[in-house]
Amino acid sequence: MYNRAFLFNGIGSKPEKLLVKLPPELMDKYEYYMEAAFGRLGLNKDLEKNKAYDGRVAEWIISLICDRVVYEHYIDMGIIPDIGAGYSSGIVSISGCFGSVPYEFAQDIIMMNRSTMRCLERNDQKLDMGIVIGFSYSDIEEMFKDKFSPDEIIIGSGNSKFHVMVSGRADAVEEALVLCQNEGAIKAFSFGTGVAYHHPIMKQYSQEYVDFCGSIAYSDPEYPILSIFDREIMTKGQQIMKENQLNVYTPIRWDLAVKKLEELGVTEFFDVSANGAVSKFSRVSRICKIYTLEEVC
């Protein structure tokens with residue numbers, strides 16, 4: 001029933017790494033969308049001139065726009081998805097690209113991260129996220145179980161058999177990354193974002209974000225979307241709205257989502273990020289392939 005899946009990346013890729021991968025024929029479209037979005041949102045195109053949290057969300061808006069450009073390029077080439085999934089804020093991106101919300105509303109959702117960050121600052125919450133490469137989900141679980149409480153740190157996302165994201169209090173994340181390095185991790189580094197996405201602690205500080213996600217009626221998506229939380233196939237707008245609301249404070253099992261897509265029959269995965277980010281932390285079986293923009297072009 002499903003053969004081709006589109007995979008949408010979350011935040012994290014720096015604009016310079018995204019834009020260098022966009023072929024010249026797509027840059028004009030990017031610049032048009034970027035001009036319109038930044039003008040509407042009151043963001044400065046010179047990212048360093050944006051104050052406080054605006055600089056951070058401006059980078060994330062660029063990532064969102066790049067996803068749209070790549071998505072539309074695939075469609076123009078006749079590459080049509082049977083189903084899709086969004087990793088972290090990729091849920092916002094897929095909501096716009098698959099037609100559940102207007103692109104402008106997807107941008108506004110990203111902008112609402114500012115209210116969450118302000119709330120964390122007001123409450124003196126020092127949080128962070130980190131990536132560990134070289135250990136599996138179960139490896140990290142075993143490593144953390146006697147050293148950290150879930151209130152301090154959790155696995156925010158199991159990405160593949162060797163790639164996980166940890167999330168929690170900044171001091172615990174720092175300590176955990178050192179532990180992983182000492183235990184032989186290939187890489188272990190922090191995001192330094194000041195937030196702990198996909199940790200339940202975020203729920204009490206993200207109410208404005210959650211409320212905003214539910215402030216409009218969502219359309220049914222043009223193509224089914226797999227939930228990264230319960231691995232159910234979503235075809236109704238209300239389901240997509242709930243996915244966006246859960247996103248900020250709910251742990252992910254991306255590895256299980258990709259496996260579920262394979263079980264549904266998917267053999268062709270298309271990375272919708274401009275720089276092939278999804279393909280770097282996702283793994284599929286040998287009978288499947290993840291195509292990047294660079295390969296398609």
# chains A, B, ... in the order shown; residues from 1 in each chain; ligands from 1
>>> residues_around(residues="A:Asp54", least_positions_apart="2", cutoff="12 Å", atoms="only C-alpha atoms", output="list of chain:residue names")
A:Phe38, A:Leu41, A:Gly42, A:Leu43, A:Asn44, A:Lys45, A:Asp46, A:Leu47, A:Glu48, A:Lys49, A:Asn50, A:Lys51, A:Ala52, A:Arg56, A:Val57, A:Ala58, A:Glu59, A:Trp60, A:Ile61, A:Ile110, A:Met111, A:Met112, A:Asn113, A:Arg114, A:Ser115, A:Met117, A:Arg118
>>> select_by_dssp(residues="stretch 91-267 of chain A", states="helix (DSSP H, G or I)", output="short mmCIF file (atom, residue, chain, number, x, y, z; two decimals) with N, CA, C and O atoms, in the first residue's frame")
data_model
loop_
_atom_site.label_atom_id
_atom_site.label_comp_id
_atom_site.auth_asym_id
_atom_site.auth_seq_id
_atom_site.Cartn_x
_atom_site.Cartn_y
_atom_site.Cartn_z
N ILE A 91 7.54 17.83 12.27
CA ILE A 91 6.08 17.69 12.35
C ILE A 91 5.41 18.98 11.88
O ILE A 91 4.39 18.95 11.19
N VAL A 92 5.99 20.12 12.26
CA VAL A 92 5.45 21.40 11.81
C VAL A 92 5.62 21.53 10.31
O VAL A 92 4.70 21.95 9.60
N SER A 93 6.78 21.15 9.82
CA SER A 93 7.08 21.26 8.40
C SER A 93 6.16 20.38 7.55
O SER A 93 5.61 20.82 6.54
N ILE A 94 5.97 19.14 7.97
CA ILE A 94 5.12 18.24 7.20
C ILE A 94 3.66 18.69 7.27
O ILE A 94 2.90 18.51 6.32
N SER A 95 3.28 19.33 8.36
CA SER A 95 1.91 19.84 8.48
C SER A 95 1.64 20.89 7.40
O SER A 95 0.54 20.95 6.83
N GLY A 96 2.65 21.73 7.12
CA GLY A 96 2.50 22.72 6.08
C GLY A 96 2.60 22.12 4.69
O GLY A 96 1.75 22.37 3.83
N CYS A 97 3.61 21.30 4.46
CA CYS A 97 3.84 20.74 3.13
C CYS A 97 2.72 19.79 2.70
O CYS A 97 2.34 19.77 1.52
N TYR A 103 1.19 27.48 5.14
CA TYR A 103 2.62 27.63 5.43
C TYR A 103 2.85 28.75 6.44
O TYR A 103 3.74 28.66 7.29
N GLU A 104 2.05 29.81 6.35
CA GLU A 104 2.22 30.92 7.28
C GLU A 104 1.96 30.49 8.71
O GLU A 104 2.63 30.94 9.64
N PHE A 105 0.98 29.61 8.91
CA PHE A 105 0.70 29.14 10.25
C PHE A 105 1.83 28.24 10.76
O PHE A 105 2.18 28.29 11.95
N ALA A 106 2.41 27.44 9.88
CA ALA A 106 3.55 26.62 10.27
C ALA A 106 4.70 27.52 10.74
O ALA A 106 5.37 27.23 11.74
N GLN A 107 4.92 28.61 10.03
CA GLN A 107 5.95 29.57 10.45
C GLN A 107 5.62 30.16 11.82
O GLN A 107 6.49 30.33 12.67
N ASP A 108 4.35 30.48 12.01
CA ASP A 108 3.93 31.06 13.29
C ASP A 108 4.12 30.08 14.45
O ASP A 108 4.43 30.50 15.57
N ILE A 109 3.92 28.79 14.18
CA ILE A 109 4.18 27.79 15.22
C ILE A 109 5.65 27.85 15.64
O ILE A 109 5.97 27.85 16.84
N ILE A 110 6.54 27.89 14.65
CA ILE A 110 7.97 27.98 14.97
C ILE A 110 8.26 29.23 15.79
O ILE A 110 9.02 29.19 16.77
N MET A 111 7.63 30.34 15.43
CA MET A 111 7.85 31.60 16.17
C MET A 111 7.39 31.48 17.61
O MET A 111 7.93 32.14 18.50
N ASN A 113 7.99 29.29 19.64
CA ASN A 113 9.05 28.79 20.51
C ASN A 113 9.64 29.91 21.37
O ASN A 113 10.19 29.65 22.44
N ARG A 114 9.51 31.15 20.91
CA ARG A 114 10.01 32.28 21.70
C ARG A 114 9.30 32.37 23.04
O ARG A 114 9.93 32.66 24.06
N SER A 115 7.99 32.13 23.04
CA SER A 115 7.25 32.23 24.30
C SER A 115 7.70 31.14 25.27
O SER A 115 7.78 31.36 26.49
N THR A 116 8.00 29.95 24.75
CA THR A 116 8.49 28.86 25.59
C THR A 116 9.85 29.21 26.18
O THR A 116 10.10 29.02 27.38
N MET A 117 10.74 29.75 25.36
CA MET A 117 12.07 30.11 25.84
C MET A 117 12.00 31.25 26.87
O MET A 117 12.75 31.25 27.85
N ARG A 118 11.10 32.20 26.65
CA ARG A 118 10.93 33.27 27.64
C ARG A 118 10.43 32.72 28.97
O ARG A 118 10.88 33.14 30.04
N CYS A 119 9.51 31.77 28.90
CA CYS A 119 8.95 31.17 30.12
C CYS A 119 10.04 30.41 30.88
O CYS A 119 10.11 30.49 32.12
N LEU A 120 10.88 29.71 30.18
CA LEU A 120 11.99 29.00 30.83
C LEU A 120 12.93 29.99 31.51
O LEU A 120 13.39 29.76 32.63
N GLU A 121 13.19 31.09 30.84
CA GLU A 121 14.09 32.10 31.42
C GLU A 121 13.48 32.72 32.67
O GLU A 121 14.18 32.90 33.68
N ARG A 122 12.19 33.05 32.61
CA ARG A 122 11.53 33.64 33.77
C ARG A 122 11.58 32.72 34.98
O ARG A 122 11.66 33.18 36.12
N TYR A 137 19.78 2.91 21.99
CA TYR A 137 18.80 3.35 22.98
C TYR A 137 18.95 2.54 24.27
O TYR A 137 19.03 3.11 25.37
N SER A 138 19.03 1.22 24.12
CA SER A 138 19.14 0.36 25.32
C SER A 138 20.48 0.55 26.02
O SER A 138 20.56 0.46 27.26
N ASP A 139 21.54 0.83 25.25
CA ASP A 139 22.85 1.10 25.86
C ASP A 139 22.76 2.32 26.79
O ASP A 139 23.26 2.29 27.92
N ILE A 140 22.14 3.39 26.28
CA ILE A 140 22.04 4.63 27.05
C ILE A 140 21.14 4.42 28.26
O ILE A 140 21.43 4.92 29.36
N GLU A 141 20.04 3.70 28.06
CA GLU A 141 19.15 3.39 29.19
C GLU A 141 19.93 2.72 30.32
O GLU A 141 19.81 3.09 31.49
N GLU A 142 20.71 1.73 29.97
CA GLU A 142 21.49 0.99 30.96
C GLU A 142 22.53 1.88 31.62
O GLU A 142 22.74 1.83 32.84
N MET A 143 23.15 2.73 30.83
CA MET A 143 24.19 3.61 31.33
C MET A 143 23.65 4.65 32.32
O MET A 143 24.30 5.02 33.28
N PHE A 144 22.41 5.12 32.06
CA PHE A 144 21.84 6.20 32.85
C PHE A 144 21.07 5.73 34.08
O PHE A 144 20.87 6.50 35.02
N ALA A 170 20.47 21.10 32.17
CA ALA A 170 21.75 21.36 31.52
C ALA A 170 22.91 20.69 32.24
O ALA A 170 23.81 20.12 31.59
N ASP A 171 22.94 20.72 33.57
CA ASP A 171 24.07 20.12 34.30
C ASP A 171 24.08 18.60 34.12
O ASP A 171 25.15 17.99 33.99
N ALA A 172 22.88 18.00 34.08
CA ALA A 172 22.80 16.55 33.89
C ALA A 172 23.20 16.16 32.48
O ALA A 172 23.87 15.14 32.27
N VAL A 173 22.78 16.96 31.50
CA VAL A 173 23.17 16.68 30.11
C VAL A 173 24.68 16.75 29.97
O VAL A 173 25.30 15.87 29.35
N GLU A 174 25.29 17.77 30.56
CA GLU A 174 26.75 17.92 30.49
C GLU A 174 27.44 16.71 31.11
O GLU A 174 28.38 16.14 30.53
N GLU A 175 26.96 16.31 32.29
CA GLU A 175 27.56 15.16 32.97
C GLU A 175 27.36 13.88 32.18
O GLU A 175 28.28 13.04 32.07
N ALA A 176 26.18 13.72 31.58
CA ALA A 176 25.88 12.51 30.82
C ALA A 176 26.74 12.42 29.56
O ALA A 176 27.19 11.32 29.19
N LEU A 177 26.98 13.54 28.91
CA LEU A 177 27.80 13.53 27.70
C LEU A 177 29.25 13.16 28.02
O LEU A 177 29.90 12.43 27.26
N VAL A 178 29.75 13.64 29.15
CA VAL A 178 31.10 13.26 29.58
C VAL A 178 31.15 11.76 29.87
O VAL A 178 32.11 11.06 29.49
N LEU A 179 30.11 11.26 30.55
CA LEU A 179 30.03 9.82 30.83
C LEU A 179 30.08 9.01 29.54
O LEU A 179 30.82 8.02 29.45
N CYS A 180 29.29 9.43 28.55
CA CYS A 180 29.24 8.70 27.28
C CYS A 180 30.60 8.74 26.57
O CYS A 180 31.03 7.73 25.99
N GLN A 181 31.26 9.88 26.63
CA GLN A 181 32.60 9.97 26.03
C GLN A 181 33.57 9.03 26.72
O GLN A 181 34.35 8.33 26.07
N ASN A 182 33.49 8.98 28.03
CA ASN A 182 34.38 8.10 28.79
C ASN A 182 34.09 6.63 28.54
O ASN A 182 34.98 5.77 28.67
N PRO A 200 9.41 15.69 29.31
CA PRO A 200 8.13 16.09 29.92
C PRO A 200 8.19 17.39 30.72
O PRO A 200 7.16 18.05 30.89
N ILE A 201 9.39 17.79 31.17
CA ILE A 201 9.49 19.04 31.93
C ILE A 201 9.03 20.24 31.10
O ILE A 201 8.59 21.26 31.64
N MET A 202 9.09 20.10 29.77
CA MET A 202 8.73 21.21 28.89
C MET A 202 7.23 21.49 28.89
O MET A 202 6.81 22.59 28.52
N LYS A 203 6.43 20.54 29.35
CA LYS A 203 4.98 20.73 29.29
C LYS A 203 4.52 21.94 30.08
O LYS A 203 3.67 22.71 29.63
N GLN A 204 5.08 22.14 31.26
CA GLN A 204 4.62 23.24 32.11
C GLN A 204 5.10 24.61 31.63
O GLN A 204 4.62 25.63 32.11
N TYR A 205 6.05 24.62 30.68
CA TYR A 205 6.57 25.89 30.20
C TYR A 205 6.17 26.20 28.75
O TYR A 205 6.61 27.20 28.19
N GLN A 207 2.77 26.07 27.49
CA GLN A 207 1.32 26.11 27.32
C GLN A 207 0.89 27.06 26.20
O GLN A 207 -0.04 26.75 25.44
N GLU A 208 1.56 28.21 26.08
CA GLU A 208 1.21 29.13 25.00
C GLU A 208 1.45 28.49 23.64
O GLU A 208 0.63 28.65 22.71
N TYR A 209 2.56 27.79 23.51
CA TYR A 209 2.87 27.07 22.27
C TYR A 209 1.79 26.04 21.96
O TYR A 209 1.26 25.98 20.85
N VAL A 210 1.46 25.24 22.95
CA VAL A 210 0.46 24.17 22.76
C VAL A 210 -0.90 24.77 22.40
O VAL A 210 -1.58 24.29 21.48
N ASP A 211 -1.29 25.81 23.10
CA ASP A 211 -2.57 26.45 22.81
C ASP A 211 -2.60 27.02 21.40
O ASP A 211 -3.61 26.91 20.69
N PHE A 212 -1.49 27.62 20.98
CA PHE A 212 -1.44 28.19 19.64
C PHE A 212 -1.56 27.11 18.58
O PHE A 212 -2.24 27.30 17.56
N CYS A 213 -0.90 25.98 18.80
CA CYS A 213 -1.00 24.88 17.82
C CYS A 213 -2.44 24.46 17.59
O CYS A 213 -2.80 24.02 16.49
N GLY A 237 -7.23 15.89 10.13
CA GLY A 237 -6.63 17.12 10.62
C GLY A 237 -6.49 17.17 12.12
O GLY A 237 -5.49 17.67 12.65
N GLN A 238 -7.48 16.66 12.83
CA GLN A 238 -7.45 16.69 14.29
C GLN A 238 -6.26 15.90 14.83
O GLN A 238 -5.66 16.27 15.84
N GLN A 239 -5.91 14.82 14.15
CA GLN A 239 -4.76 14.01 14.56
C GLN A 239 -3.46 14.80 14.38
O GLN A 239 -2.56 14.73 15.22
N ILE A 240 -3.38 15.55 13.30
CA ILE A 240 -2.17 16.34 13.02
C ILE A 240 -2.03 17.46 14.06
O ILE A 240 -0.93 17.77 14.51
N MET A 241 -3.14 18.06 14.42
CA MET A 241 -3.11 19.09 15.46
C MET A 241 -2.57 18.51 16.76
O MET A 241 -1.70 19.10 17.40
N LYS A 242 -3.06 17.34 17.16
CA LYS A 242 -2.61 16.71 18.40
C LYS A 242 -1.12 16.39 18.33
O LYS A 242 -0.38 16.55 19.31
N GLU A 243 -0.65 15.95 17.16
CA GLU A 243 0.76 15.63 16.99
C GLU A 243 1.63 16.87 17.23
O GLU A 243 2.67 16.80 17.89
N ASN A 244 1.18 18.00 16.72
CA ASN A 244 1.91 19.25 16.94
C ASN A 244 1.90 19.66 18.41
O ASN A 244 2.90 20.17 18.93
N GLN A 245 0.80 19.43 19.09
CA GLN A 245 0.71 19.79 20.50
C GLN A 245 1.58 18.90 21.38
O GLN A 245 2.20 19.36 22.34
N LEU A 246 1.64 17.63 21.06
CA LEU A 246 2.46 16.69 21.83
C LEU A 246 3.95 16.92 21.62
O LEU A 246 4.77 16.60 22.48
N ASN A 247 4.28 17.48 20.49
CA ASN A 247 5.65 17.46 20.01
C ASN A 247 6.68 18.02 20.97
O ASN A 247 7.75 17.46 21.17
N TRP A 254 12.17 7.69 16.85
CA TRP A 254 12.28 7.81 15.40
C TRP A 254 12.70 6.48 14.78
O TRP A 254 12.25 6.12 13.68
N ASP A 255 13.55 5.76 15.47
CA ASP A 255 13.99 4.46 14.95
C ASP A 255 12.81 3.52 14.74
O ASP A 255 12.72 2.82 13.72
N LEU A 256 11.86 3.53 15.67
CA LEU A 256 10.69 2.67 15.56
C LEU A 256 9.73 3.17 14.49
O LEU A 256 9.04 2.37 13.84
N ALA A 257 9.69 4.48 14.30
CA ALA A 257 8.83 5.04 13.25
C ALA A 257 9.34 4.61 11.88
O ALA A 257 8.54 4.22 10.99
N VAL A 258 10.65 4.70 11.66
CA VAL A 258 11.22 4.28 10.38
C VAL A 258 10.99 2.78 10.16
O VAL A 258 10.63 2.34 9.06
N LYS A 259 11.16 1.99 11.23
CA LYS A 259 10.90 0.55 11.12
C LYS A 259 9.44 0.28 10.77
O LYS A 259 9.14 -0.60 9.95
N LYS A 260 8.52 1.04 11.38
CA LYS A 260 7.10 0.88 11.08
C LYS A 260 6.81 1.18 9.61
O LYS A 260 6.03 0.47 8.97
N LEU A 261 7.45 2.21 9.08
CA LEU A 261 7.25 2.54 7.66
C LEU A 261 7.71 1.39 6.78
O LEU A 261 7.05 1.06 5.78
N GLU A 262 8.81 0.77 7.15
CA GLU A 262 9.27 -0.40 6.39
C GLU A 262 8.24 -1.52 6.46
O GLU A 262 7.95 -2.19 5.46
N GLU A 263 7.68 -1.73 7.66
CA GLU A 263 6.67 -2.79 7.81
C GLU A 263 5.42 -2.50 6.99
O GLU A 263 4.72 -3.44 6.57
#
>>> residues_around(residues="A:Asp220", least_positions_apart="5", cutoff="6 Å", atoms="only C-alpha atoms", output="number ranges by chain")
A: 100, 235-237
>>> write_last_selection(atoms="all heavy atoms", output="PDB file, in the first residue's frame")
ATOM      1  N   SER A 100      -2.038  20.403   5.820  1.00  0.00           N
ATOM      2  CA  SER A 100      -2.925  20.436   6.985  1.00  0.00           C
ATOM      3  C   SER A 100      -3.091  21.854   7.526  1.00  0.00           C
ATOM      4  O   SER A 100      -4.137  22.194   8.091  1.00  0.00           O
ATOM      5  CB  SER A 100      -2.386  19.529   8.105  1.00  0.00           C
ATOM      6  OG  SER A 100      -2.756  18.186   7.887  1.00  0.00           O
ATOM      7  N   THR A 235      -4.697  10.447   9.190  1.00  0.00           N
ATOM      8  CA  THR A 235      -5.315  10.932   7.960  1.00  0.00           C
ATOM      9  C   THR A 235      -6.282  12.090   8.215  1.00  0.00           C
ATOM     10  O   THR A 235      -6.854  12.624   7.267  1.00  0.00           O
ATOM     11  CB  THR A 235      -6.090   9.797   7.248  1.00  0.00           C
ATOM     12  OG1 THR A 235      -7.098   9.277   8.137  1.00  0.00           O
ATOM     13  CG2 THR A 235      -5.143   8.665   6.831  1.00  0.00           C
ATOM     14  N   LYS A 236      -6.451  12.467   9.475  1.00  0.00           N
ATOM     15  CA  LYS A 236      -7.404  13.517   9.839  1.00  0.00           C
ATOM     16  C   LYS A 236      -6.676  14.732  10.416  1.00  0.00           C
ATOM     17  O   LYS A 236      -5.683  14.595  11.129  1.00  0.00           O
ATOM     18  CB  LYS A 236      -8.413  12.998  10.873  1.00  0.00           C
ATOM     19  CG  LYS A 236      -9.251  11.816  10.380  1.00  0.00           C
ATOM     20  CD  LYS A 236     -10.098  12.208   9.180  1.00  0.00           C
ATOM     21  CE  LYS A 236     -10.967  11.040   8.712  1.00  0.00           C
ATOM     22  NZ  LYS A 236     -11.744  11.393   7.497  1.00  0.00           N
ATOM     23  N   GLY A 237      -7.227  15.893  10.126  1.00  0.00           N
ATOM     24  CA  GLY A 237      -6.626  17.121  10.615  1.00  0.00           C
ATOM     25  C   GLY A 237      -6.492  17.172  12.117  1.00  0.00           C
ATOM     26  O   GLY A 237      -5.491  17.670  12.651  1.00  0.00           O
TER      27      GLY A 237
END
>>> select_by_dssp(residues="stretch 17-191 of chain A", states="strand (DSSP E or B)", output="MDAnalysis selection string")
chainID A and resid 83:86 127:133 153:160 163:169 187:190
>>> residues_around(residues="stretch 17-20 of chain A", least_positions_apart="4", cutoff="7 Å", atoms="only C-alpha atoms", output="PyMOL selection string")
chain A and resi 13+274-275
>>> atom_distance(atom1="atom CA of A:Tyr32", atom2="atom CA of A:Asp76")
17.5 Å
>>> closest_residue(among="A:Ile155, A:Cys66, A:Cys297, A:Gly265", to="A:Glu16", atoms="only C-alpha atoms")
A:Cys66
>>> residues_around(residues="A:Arg4", least_positions_apart="4", cutoff="6 Å", atoms="only C-alpha atoms", output="PyMOL selection string")
chain A and resi 81-82+266+268-269
>>> atom_distance(atom1="atom CA of A:Ala185", atom2="atom CA of A:Phe148")
18.1 Å
>>> closest_residue(among="A:Gly168, A:Gly10, A:Gly276, A:Gly86", to="A:Ile154", atoms="only C-alpha atoms")
A:Gly168
